[in-house]
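*Asks:* Below are the structure tokens for one structure; questions will follow.
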Amino acid sequence: VHRVRHVDKLENEDDDGKPLVTDGLHEGFVTVAESLRDAGYRTWGFSTNPHITHLFHFNQGFSGWWESSSRDGADLVAKVEHELDAQRPLESDRPLLAYVHFMDVHNPYAPPDPFDKQFAPARRGKVVFTNGLAQPSSEDLAWSIGQYDGDIRYFDSLLERLLGRWETPGKRPRSVIILSDHGEEFMEHGG
């Protein structure tokens with residue numbers, strides 16, 4: 001309905017001068033954030049995804065919108081924690097929608113210590129990333145999968161930290177919805 005995959009941003013061009021097609025949300029569509037804001041919610045949005053920015057209208061309906069180019073989720077969690085401390089919305093009678101969009105667990109996989117070692121195979125390889133068909137060595141494939149799994153575990157630790165701040169005993173019940181845009185293919189279908 002929203003045709004988000006059908007937006008040509010002509011101001012963005014590749015090296016050959018061809019327009020790049022990217023995701024964008026038409027300003028005429030009403031978002032969940034707009035509906036909840038109009039119903040009295042505080043609406044906060046946080047994004048580290050370069051495609052989920054105000055440039056593509058994904059900030060529609062958010063009374064507070066923060067975006068960053070850092071792909072380290074720890075930076076994003078710190079920003080959310082800062083806003084929680086500064087504005088103390090969880091103690092307010094006014095409900096809060098907080099949309100937090102992480103970019104962790106995207107290639108290149110580079111989990112920090114100790115997560116980089118938790119699932120690492122005995123033989124070190126290199127992280128392989130290619131769109132389409134690939135033919136990595138067995139060492140490189142095992143290394144890529146181990147680093148991917150380490151990234152997932154690192155992200156789990158960030159989510160645990162954030163949820164620890166979000167859930168306040170004795171206060172209004174909280175709802176948390178977690179979505180994922182995709183997983184990765186490690187030669188299961190040839191790519």
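Each chain of the structure tokens is named A, B, ... in the order shown, its residues numbered from 1; ligands are numbered from 1 in display order.
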Which residues come within 10 Å of A:Thr31, counting only C-alpha atoms, excluding same-chain residues fewer than 5 positions away, as a list of chain:residue names?

*Replies:* A:Leu25, A:Leu36, A:Arg37, A:Phe58, A:Asn59, A:Gln60, A:Gly61, A:Phe62

*Asks:* From the options A:Phe56, A:Phe29, A:Tyr99, A:Phe186, which residue's atoms come nearest to A:Ser137, counting only C-alpha atoms?

*Replies:* A:Phe186

*Asks:* I want to know what sits within 8 Å of stretch 145-154 of chain A, based on only C-alpha atoms, with residues of the same chain fewer than 4 positions away left out; could you give that as a PDB file with all heavy atoms, in the first residue's frame?

*Replies:*
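To be explicit, this is the file written out as selection-v2.pdb:
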ATOM      1  N   ASP A 104      23.339  -3.348  14.043  1.00  0.00           N
ATOM      2  CA  ASP A 104      24.253  -4.420  14.405  1.00  0.00           C
ATOM      3  C   ASP A 104      23.838  -5.691  13.682  1.00  0.00           C
ATOM      4  O   ASP A 104      22.720  -5.811  13.194  1.00  0.00           O
ATOM      5  CB  ASP A 104      24.216  -4.644  15.922  1.00  0.00           C
ATOM      6  CG  ASP A 104      24.732  -3.438  16.662  1.00  0.00           C
ATOM      7  OD1 ASP A 104      23.967  -2.475  16.807  1.00  0.00           O
ATOM      8  OD2 ASP A 104      25.892  -3.452  17.072  1.00  0.00           O
ATOM      9  N   VAL A 105      24.698  -6.619  13.627  1.00  0.00           N
ATOM     10  CA  VAL A 105      24.503  -7.911  12.964  1.00  0.00           C
ATOM     11  C   VAL A 105      24.272  -7.712  11.465  1.00  0.00           C
ATOM     12  O   VAL A 105      23.411  -8.326  10.856  1.00  0.00           O
ATOM     13  CB  VAL A 105      23.372  -8.758  13.608  1.00  0.00           C
ATOM     14  CG1 VAL A 105      23.497 -10.204  13.157  1.00  0.00           C
ATOM     15  CG2 VAL A 105      23.405  -8.690  15.130  1.00  0.00           C
ATOM     16  N   ASN A 107      26.826  -7.347   7.943  1.00  0.00           N
ATOM     17  CA  ASN A 107      28.184  -7.491   7.461  1.00  0.00           C
ATOM     18  C   ASN A 107      28.800  -6.120   7.235  1.00  0.00           C
ATOM     19  O   ASN A 107      28.087  -5.218   6.801  1.00  0.00           O
ATOM     20  CB  ASN A 107      28.145  -8.286   6.151  1.00  0.00           C
ATOM     21  CG  ASN A 107      29.497  -8.830   5.781  1.00  0.00           C
ATOM     22  OD1 ASN A 107      30.383  -8.054   5.462  1.00  0.00           O
ATOM     23  ND2 ASN A 107      29.639 -10.127   5.828  1.00  0.00           N
ATOM     24  N   TYR A 109      30.931  -8.463   9.738  1.00  0.00           N
ATOM     25  CA  TYR A 109      30.773  -8.890  11.114  1.00  0.00           C
ATOM     26  C   TYR A 109      32.077  -8.628  11.865  1.00  0.00           C
ATOM     27  O   TYR A 109      33.131  -9.112  11.472  1.00  0.00           O
ATOM     28  CB  TYR A 109      30.413 -10.375  11.194  1.00  0.00           C
ATOM     29  CG  TYR A 109      29.339 -10.742  10.213  1.00  0.00           C
ATOM     30  CD1 TYR A 109      29.571 -11.664   9.210  1.00  0.00           C
ATOM     31  CD2 TYR A 109      28.094 -10.130  10.266  1.00  0.00           C
ATOM     32  CE1 TYR A 109      28.585 -11.985   8.298  1.00  0.00           C
ATOM     33  CE2 TYR A 109      27.104 -10.445   9.355  1.00  0.00           C
ATOM     34  CZ  TYR A 109      27.362 -11.367   8.374  1.00  0.00           C
ATOM     35  OH  TYR A 109      26.394 -11.674   7.475  1.00  0.00           O
ATOM     36  N   ALA A 110      31.985  -7.871  12.924  1.00  0.00           N
ATOM     37  CA  ALA A 110      33.168  -7.534  13.713  1.00  0.00           C
ATOM     38  C   ALA A 110      32.761  -7.335  15.168  1.00  0.00           C
ATOM     39  O   ALA A 110      32.828  -6.229  15.693  1.00  0.00           O
ATOM     40  CB  ALA A 110      33.843  -6.294  13.157  1.00  0.00           C
ATOM     41  N   PRO A 111      32.302  -8.410  15.831  1.00  0.00           N
ATOM     42  CA  PRO A 111      31.885  -8.248  17.224  1.00  0.00           C
ATOM     43  C   PRO A 111      33.086  -7.885  18.097  1.00  0.00           C
ATOM     44  O   PRO A 111      34.204  -8.329  17.833  1.00  0.00           O
ATOM     45  CB  PRO A 111      31.327  -9.630  17.586  1.00  0.00           C
ATOM     46  CG  PRO A 111      31.998 -10.577  16.648  1.00  0.00           C
ATOM     47  CD  PRO A 111      32.222  -9.799  15.376  1.00  0.00           C
ATOM     48  N   PRO A 112      32.849  -7.081  19.134  1.00  0.00           N
ATOM     49  CA  PRO A 112      33.950  -6.734  20.032  1.00  0.00           C
ATOM     50  C   PRO A 112      34.317  -7.918  20.931  1.00  0.00           C
ATOM     51  O   PRO A 112      33.557  -8.878  21.058  1.00  0.00           O
ATOM     52  CB  PRO A 112      33.384  -5.574  20.846  1.00  0.00           C
ATOM     53  CG  PRO A 112      31.915  -5.808  20.848  1.00  0.00           C
ATOM     54  CD  PRO A 112      31.603  -6.433  19.515  1.00  0.00           C
ATOM     55  N   PHE A 115      33.066 -11.272  22.410  1.00  0.00           N
ATOM     56  CA  PHE A 115      32.086 -11.908  21.521  1.00  0.00           C
ATOM     57  C   PHE A 115      32.720 -12.410  20.224  1.00  0.00           C
ATOM     58  O   PHE A 115      32.204 -13.324  19.591  1.00  0.00           O
ATOM     59  CB  PHE A 115      30.942 -10.939  21.226  1.00  0.00           C
ATOM     60  CG  PHE A 115      30.272 -10.437  22.467  1.00  0.00           C
ATOM     61  CD1 PHE A 115      30.571  -9.185  22.974  1.00  0.00           C
ATOM     62  CD2 PHE A 115      29.367 -11.223  23.143  1.00  0.00           C
ATOM     63  CE1 PHE A 115      29.973  -8.719  24.131  1.00  0.00           C
ATOM     64  CE2 PHE A 115      28.762 -10.778  24.307  1.00  0.00           C
ATOM     65  CZ  PHE A 115      29.067  -9.519  24.806  1.00  0.00           C
ATOM     66  N   ASP A 116      33.848 -11.808  19.837  1.00  0.00           N
ATOM     67  CA  ASP A 116      34.527 -12.240  18.610  1.00  0.00           C
ATOM     68  C   ASP A 116      35.153 -13.624  18.761  1.00  0.00           C
ATOM     69  O   ASP A 116      35.446 -14.279  17.763  1.00  0.00           O
ATOM     70  CB  ASP A 116      35.592 -11.219  18.207  1.00  0.00           C
ATOM     71  CG  ASP A 116      36.658 -11.015  19.268  1.00  0.00           C
ATOM     72  OD1 ASP A 116      36.386 -11.264  20.460  1.00  0.00           O
ATOM     73  OD2 ASP A 116      37.778 -10.590  18.899  1.00  0.00           O
ATOM     74  N   LYS A 117      35.311 -14.086  19.987  1.00  0.00           N
ATOM     75  CA  LYS A 117      35.942 -15.393  20.225  1.00  0.00           C
ATOM     76  C   LYS A 117      34.941 -16.474  20.623  1.00  0.00           C
ATOM     77  O   LYS A 117      35.278 -17.653  20.604  1.00  0.00           O
ATOM     78  CB  LYS A 117      36.997 -15.262  21.323  1.00  0.00           C
ATOM     79  CG  LYS A 117      38.139 -14.335  20.940  1.00  0.00           C
ATOM     80  CD  LYS A 117      39.055 -14.094  22.130  1.00  0.00           C
ATOM     81  CE  LYS A 117      40.077 -13.027  21.842  1.00  0.00           C
ATOM     82  NZ  LYS A 117      39.506 -11.687  21.698  1.00  0.00           N
ATOM     83  N   GLN A 118      33.730 -16.096  20.989  1.00  0.00           N
ATOM     84  CA  GLN A 118      32.773 -17.062  21.536  1.00  0.00           C
ATOM     85  C   GLN A 118      32.415 -18.175  20.571  1.00  0.00           C
ATOM     86  O   GLN A 118      32.187 -19.303  20.984  1.00  0.00           O
ATOM     87  CB  GLN A 118      31.507 -16.346  21.995  1.00  0.00           C
ATOM     88  CG  GLN A 118      31.672 -15.638  23.302  1.00  0.00           C
ATOM     89  CD  GLN A 118      30.348 -15.090  23.809  1.00  0.00           C
ATOM     90  OE1 GLN A 118      29.537 -14.575  23.052  1.00  0.00           O
ATOM     91  NE2 GLN A 118      30.143 -15.207  25.111  1.00  0.00           N
ATOM     92  N   PHE A 119      32.318 -17.872  19.301  1.00  0.00           N
ATOM     93  CA  PHE A 119      31.907 -18.877  18.320  1.00  0.00           C
ATOM     94  C   PHE A 119      32.961 -19.078  17.235  1.00  0.00           C
ATOM     95  O   PHE A 119      32.677 -19.670  16.198  1.00  0.00           O
ATOM     96  CB  PHE A 119      30.581 -18.454  17.670  1.00  0.00           C
ATOM     97  CG  PHE A 119      29.472 -18.264  18.666  1.00  0.00           C
ATOM     98  CD1 PHE A 119      29.155 -16.995  19.131  1.00  0.00           C
ATOM     99  CD2 PHE A 119      28.761 -19.346  19.148  1.00  0.00           C
ATOM    100  CE1 PHE A 119      28.136 -16.808  20.053  1.00  0.00           C
ATOM    101  CE2 PHE A 119      27.746 -19.172  20.073  1.00  0.00           C
ATOM    102  CZ  PHE A 119      27.435 -17.902  20.530  1.00  0.00           C
ATOM    103  N   ALA A 120      34.159 -18.569  17.471  1.00  0.00           N
ATOM    104  CA  ALA A 120      35.214 -18.643  16.459  1.00  0.00           C
ATOM    105  C   ALA A 120      35.717 -20.074  16.318  1.00  0.00           C
ATOM    106  O   ALA A 120      35.985 -20.742  17.320  1.00  0.00           O
ATOM    107  CB  ALA A 120      36.360 -17.713  16.836  1.00  0.00           C
ATOM    108  N   PRO A 121      35.868 -20.544  15.094  1.00  0.00           N
ATOM    109  CA  PRO A 121      36.447 -21.875  14.891  1.00  0.00           C
ATOM    110  C   PRO A 121      37.947 -21.848  15.207  1.00  0.00           C
ATOM    111  O   PRO A 121      38.550 -20.783  15.357  1.00  0.00           O
ATOM    112  CB  PRO A 121      36.197 -22.144  13.406  1.00  0.00           C
ATOM    113  CG  PRO A 121      36.065 -20.803  12.784  1.00  0.00           C
ATOM    114  CD  PRO A 121      35.505 -19.894  13.844  1.00  0.00           C
ATOM    115  N   VAL A 127      36.104 -12.856   6.919  1.00  0.00           N
ATOM    116  CA  VAL A 127      34.668 -12.680   6.733  1.00  0.00           C
ATOM    117  C   VAL A 127      34.421 -12.476   5.247  1.00  0.00           C
ATOM    118  O   VAL A 127      35.034 -11.619   4.605  1.00  0.00           O
ATOM    119  CB  VAL A 127      34.138 -11.485   7.548  1.00  0.00           C
ATOM    120  CG1 VAL A 127      32.701 -11.179   7.173  1.00  0.00           C
ATOM    121  CG2 VAL A 127      34.240 -11.794   9.038  1.00  0.00           C
ATOM    122  N   LEU A 141      34.066 -19.626   5.396  1.00  0.00           N
ATOM    123  CA  LEU A 141      32.645 -19.771   5.697  1.00  0.00           C
ATOM    124  C   LEU A 141      32.447 -19.992   7.201  1.00  0.00           C
ATOM    125  O   LEU A 141      31.599 -19.337   7.820  1.00  0.00           O
ATOM    126  CB  LEU A 141      32.036 -20.924   4.901  1.00  0.00           C
ATOM    127  CG  LEU A 141      30.540 -21.151   5.108  1.00  0.00           C
ATOM    128  CD1 LEU A 141      29.732 -19.910   4.707  1.00  0.00           C
ATOM    129  CD2 LEU A 141      30.083 -22.368   4.312  1.00  0.00           C
ATOM    130  N   LEU A 158      23.397  -5.955  24.274  1.00  0.00           N
ATOM    131  CA  LEU A 158      22.930  -4.566  24.189  1.00  0.00           C
ATOM    132  C   LEU A 158      21.433  -4.482  24.455  1.00  0.00           C
ATOM    133  O   LEU A 158      20.961  -3.583  25.153  1.00  0.00           O
ATOM    134  CB  LEU A 158      23.239  -3.989  22.811  1.00  0.00           C
ATOM    135  CG  LEU A 158      24.705  -3.834  22.456  1.00  0.00           C
ATOM    136  CD1 LEU A 158      24.850  -3.378  21.015  1.00  0.00           C
ATOM    137  CD2 LEU A 158      25.399  -2.873  23.408  1.00  0.00           C
ATOM    138  N   PHE A 186      24.256 -18.360   4.446  1.00  0.00           N
ATOM    139  CA  PHE A 186      25.627 -18.853   4.432  1.00  0.00           C
ATOM    140  C   PHE A 186      25.700 -20.106   3.575  1.00  0.00           C
ATOM    141  O   PHE A 186      25.882 -21.201   4.065  1.00  0.00           O
ATOM    142  CB  PHE A 186      26.121 -19.117   5.851  1.00  0.00           C
ATOM    143  CG  PHE A 186      26.274 -17.857   6.657  1.00  0.00           C
ATOM    144  CD1 PHE A 186      25.331 -17.499   7.596  1.00  0.00           C
ATOM    145  CD2 PHE A 186      27.360 -17.016   6.454  1.00  0.00           C
ATOM    146  CE1 PHE A 186      25.467 -16.324   8.327  1.00  0.00           C
ATOM    147  CE2 PHE A 186      27.512 -15.848   7.176  1.00  0.00           C
ATOM    148  CZ  PHE A 186      26.557 -15.498   8.122  1.00  0.00           C
TER     149      PHE A 186
END

*Asks:* Looking only at strand (DSSP E) from DSSP on the backbone, list the matching residues of stretch 18-187 of chain A as number ranges by chain.

*Replies:* A: 19-22, 42-47, 64-67, 96-101

*Asks:* Could you pull out the residues in stretch 10-168 of chain A that DSSP calls alpha helix (DSSP H) from the backbone, as number ranges by chain?

*Replies:* A: 32-38, 73-87, 115-118, 138-166

*Asks:* Take the residues from that selection and put them in a file with C-alpha atoms, as a PDB file, in the first residue's frame.

*Replies:*
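In the end it all went to out.pdb:
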ATOM      1  CA  VAL A  32       1.892   4.404  13.771  1.00  0.00           C
ATOM      2  CA  ALA A  33       4.006   7.143  15.370  1.00  0.00           C
ATOM      3  CA  GLU A  34       1.663   9.834  14.005  1.00  0.00           C
ATOM      4  CA  SER A  35      -1.418   7.996  15.264  1.00  0.00           C
ATOM      5  CA  LEU A  36       0.036   7.446  18.720  1.00  0.00           C
ATOM      6  CA  ARG A  37       1.364  11.016  18.945  1.00  0.00           C
ATOM      7  CA  ASP A  38      -2.105  12.301  18.123  1.00  0.00           C
ATOM      8  CA  GLY A  73      24.672  -0.438  18.977  1.00  0.00           C
ATOM      9  CA  ALA A  74      26.380   0.566  22.224  1.00  0.00           C
ATOM     10  CA  ASP A  75      26.333   4.165  20.967  1.00  0.00           C
ATOM     11  CA  LEU A  76      22.624   3.896  20.230  1.00  0.00           C
ATOM     12  CA  VAL A  77      21.833   2.345  23.612  1.00  0.00           C
ATOM     13  CA  ALA A  78      23.809   5.141  25.298  1.00  0.00           C
ATOM     14  CA  LYS A  79      21.739   7.735  23.401  1.00  0.00           C
ATOM     15  CA  VAL A  80      18.458   6.104  24.441  1.00  0.00           C
ATOM     16  CA  GLU A  81      19.685   5.887  28.044  1.00  0.00           C
ATOM     17  CA  HIS A  82      20.666   9.563  27.938  1.00  0.00           C
ATOM     18  CA  GLU A  83      17.188  10.556  26.739  1.00  0.00           C
ATOM     19  CA  LEU A  84      15.556   8.362  29.379  1.00  0.00           C
ATOM     20  CA  ASP A  85      17.638  10.054  32.083  1.00  0.00           C
ATOM     21  CA  ALA A  86      17.159  13.568  30.702  1.00  0.00           C
ATOM     22  CA  GLN A  87      13.415  13.422  30.138  1.00  0.00           C
ATOM     23  CA  PHE A 115      32.086 -11.908  21.521  1.00  0.00           C
ATOM     24  CA  ASP A 116      34.527 -12.240  18.610  1.00  0.00           C
ATOM     25  CA  LYS A 117      35.942 -15.393  20.225  1.00  0.00           C
ATOM     26  CA  GLN A 118      32.773 -17.062  21.536  1.00  0.00           C
ATOM     27  CA  SER A 138      35.373 -23.842   4.290  1.00  0.00           C
ATOM     28  CA  GLU A 139      37.600 -21.880   6.720  1.00  0.00           C
ATOM     29  CA  ASP A 140      36.235 -18.539   5.532  1.00  0.00           C
ATOM     30  CA  LEU A 141      32.645 -19.771   5.697  1.00  0.00           C
ATOM     31  CA  ALA A 142      33.126 -21.140   9.231  1.00  0.00           C
ATOM     32  CA  TRP A 143      34.816 -17.896  10.306  1.00  0.00           C
ATOM     33  CA  SER A 144      32.016 -15.773   8.810  1.00  0.00           C
ATOM     34  CA  ILE A 145      29.356 -17.807  10.588  1.00  0.00           C
ATOM     35  CA  GLY A 146      31.277 -17.627  13.894  1.00  0.00           C
ATOM     36  CA  GLN A 147      31.634 -13.850  13.669  1.00  0.00           C
ATOM     37  CA  TYR A 148      27.965 -13.507  12.690  1.00  0.00           C
ATOM     38  CA  ASP A 149      26.986 -15.559  15.746  1.00  0.00           C
ATOM     39  CA  GLY A 150      29.284 -13.396  17.888  1.00  0.00           C
ATOM     40  CA  ASP A 151      27.574 -10.281  16.542  1.00  0.00           C
ATOM     41  CA  ILE A 152      24.194 -11.757  17.471  1.00  0.00           C
ATOM     42  CA  ARG A 153      25.384 -12.461  21.027  1.00  0.00           C
ATOM     43  CA  TYR A 154      26.833  -8.934  21.304  1.00  0.00           C
ATOM     44  CA  PHE A 155      23.524  -7.483  20.153  1.00  0.00           C
ATOM     45  CA  ASP A 156      21.706  -9.656  22.711  1.00  0.00           C
ATOM     46  CA  SER A 157      23.841  -8.065  25.436  1.00  0.00           C
ATOM     47  CA  LEU A 158      22.930  -4.566  24.189  1.00  0.00           C
ATOM     48  CA  LEU A 159      19.249  -5.440  24.095  1.00  0.00           C
ATOM     49  CA  GLU A 160      19.470  -6.875  27.611  1.00  0.00           C
ATOM     50  CA  ARG A 161      21.035  -3.598  28.785  1.00  0.00           C
ATOM     51  CA  LEU A 162      18.363  -1.496  27.102  1.00  0.00           C
ATOM     52  CA  LEU A 163      15.477  -3.615  28.352  1.00  0.00           C
ATOM     53  CA  GLY A 164      16.888  -3.405  31.871  1.00  0.00           C
ATOM     54  CA  ARG A 165      16.399   0.356  31.682  1.00  0.00           C
ATOM     55  CA  TRP A 166      13.027   0.107  30.005  1.00  0.00           C
TER      56      TRP A 166
END

*Asks:* For atom CA of A:Glu27 and atom CA of A:Trp65, determine how far apart the two atoms are, in Å to one decimal place.

*Replies:* 16.0 Å

*Asks:* Provide the atom CA of A:Arg124 to atom CA of A:Glu184 distance in Å, to one decimal place.

*Replies:*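 Interatomic distance, atom CA of A:Arg124 to atom CA of A:Glu184: 20.2 Å.
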
*Asks:* Counting only C-alpha atoms, what is within 7 Å of A:Met103, bar same-chain residues fewer than 4 positions away, as a CSV table (one decimal) with all heavy atoms, in the first residue's frame?

*Replies:*
chain,number,residue,atom,x,y,z
A,48,THR,N,20.1,4.1,13.4
A,48,THR,CA,21.5,4.1,12.9
A,48,THR,C,21.5,3.5,11.5
A,48,THR,O,22.6,3.3,10.9
A,48,THR,CB,22.4,3.2,13.8
A,48,THR,OG1,21.9,1.9,13.9
A,48,THR,CG2,22.5,3.8,15.2
A,49,ASN,N,20.3,3.3,10.9
A,49,ASN,CA,20.2,2.8,9.5
A,49,ASN,C,20.2,4.0,8.6
A,49,ASN,O,19.4,4.9,8.7
A,49,ASN,CB,18.9,2.0,9.4
A,49,ASN,CG,18.8,1.3,8.0
A,49,ASN,OD1,19.3,1.8,7.0
A,49,ASN,ND2,18.2,0.2,8.0
A,71,ARG,N,27.5,2.5,13.6
A,71,ARG,CA,26.9,1.2,13.5
A,71,ARG,C,27.0,0.4,14.8
A,71,ARG,O,26.6,-0.8,14.9
A,71,ARG,CB,27.4,0.4,12.3
A,71,ARG,CG,26.9,0.9,11.0
A,71,ARG,CD,27.4,0.1,9.9
A,71,ARG,NE,27.0,-1.3,10.1
A,71,ARG,CZ,27.1,-2.2,9.1
A,71,ARG,NH1,27.6,-1.9,8.0
A,71,ARG,NH2,26.8,-3.5,9.4

*Asks:* In Å, how far is it from atom CA of A:Glu167 to atom CA of A:Gly45?

*Replies:*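 According to the coordinates, atom CA of A:Glu167 and atom CA of A:Gly45 are separated by 18.2 Å.
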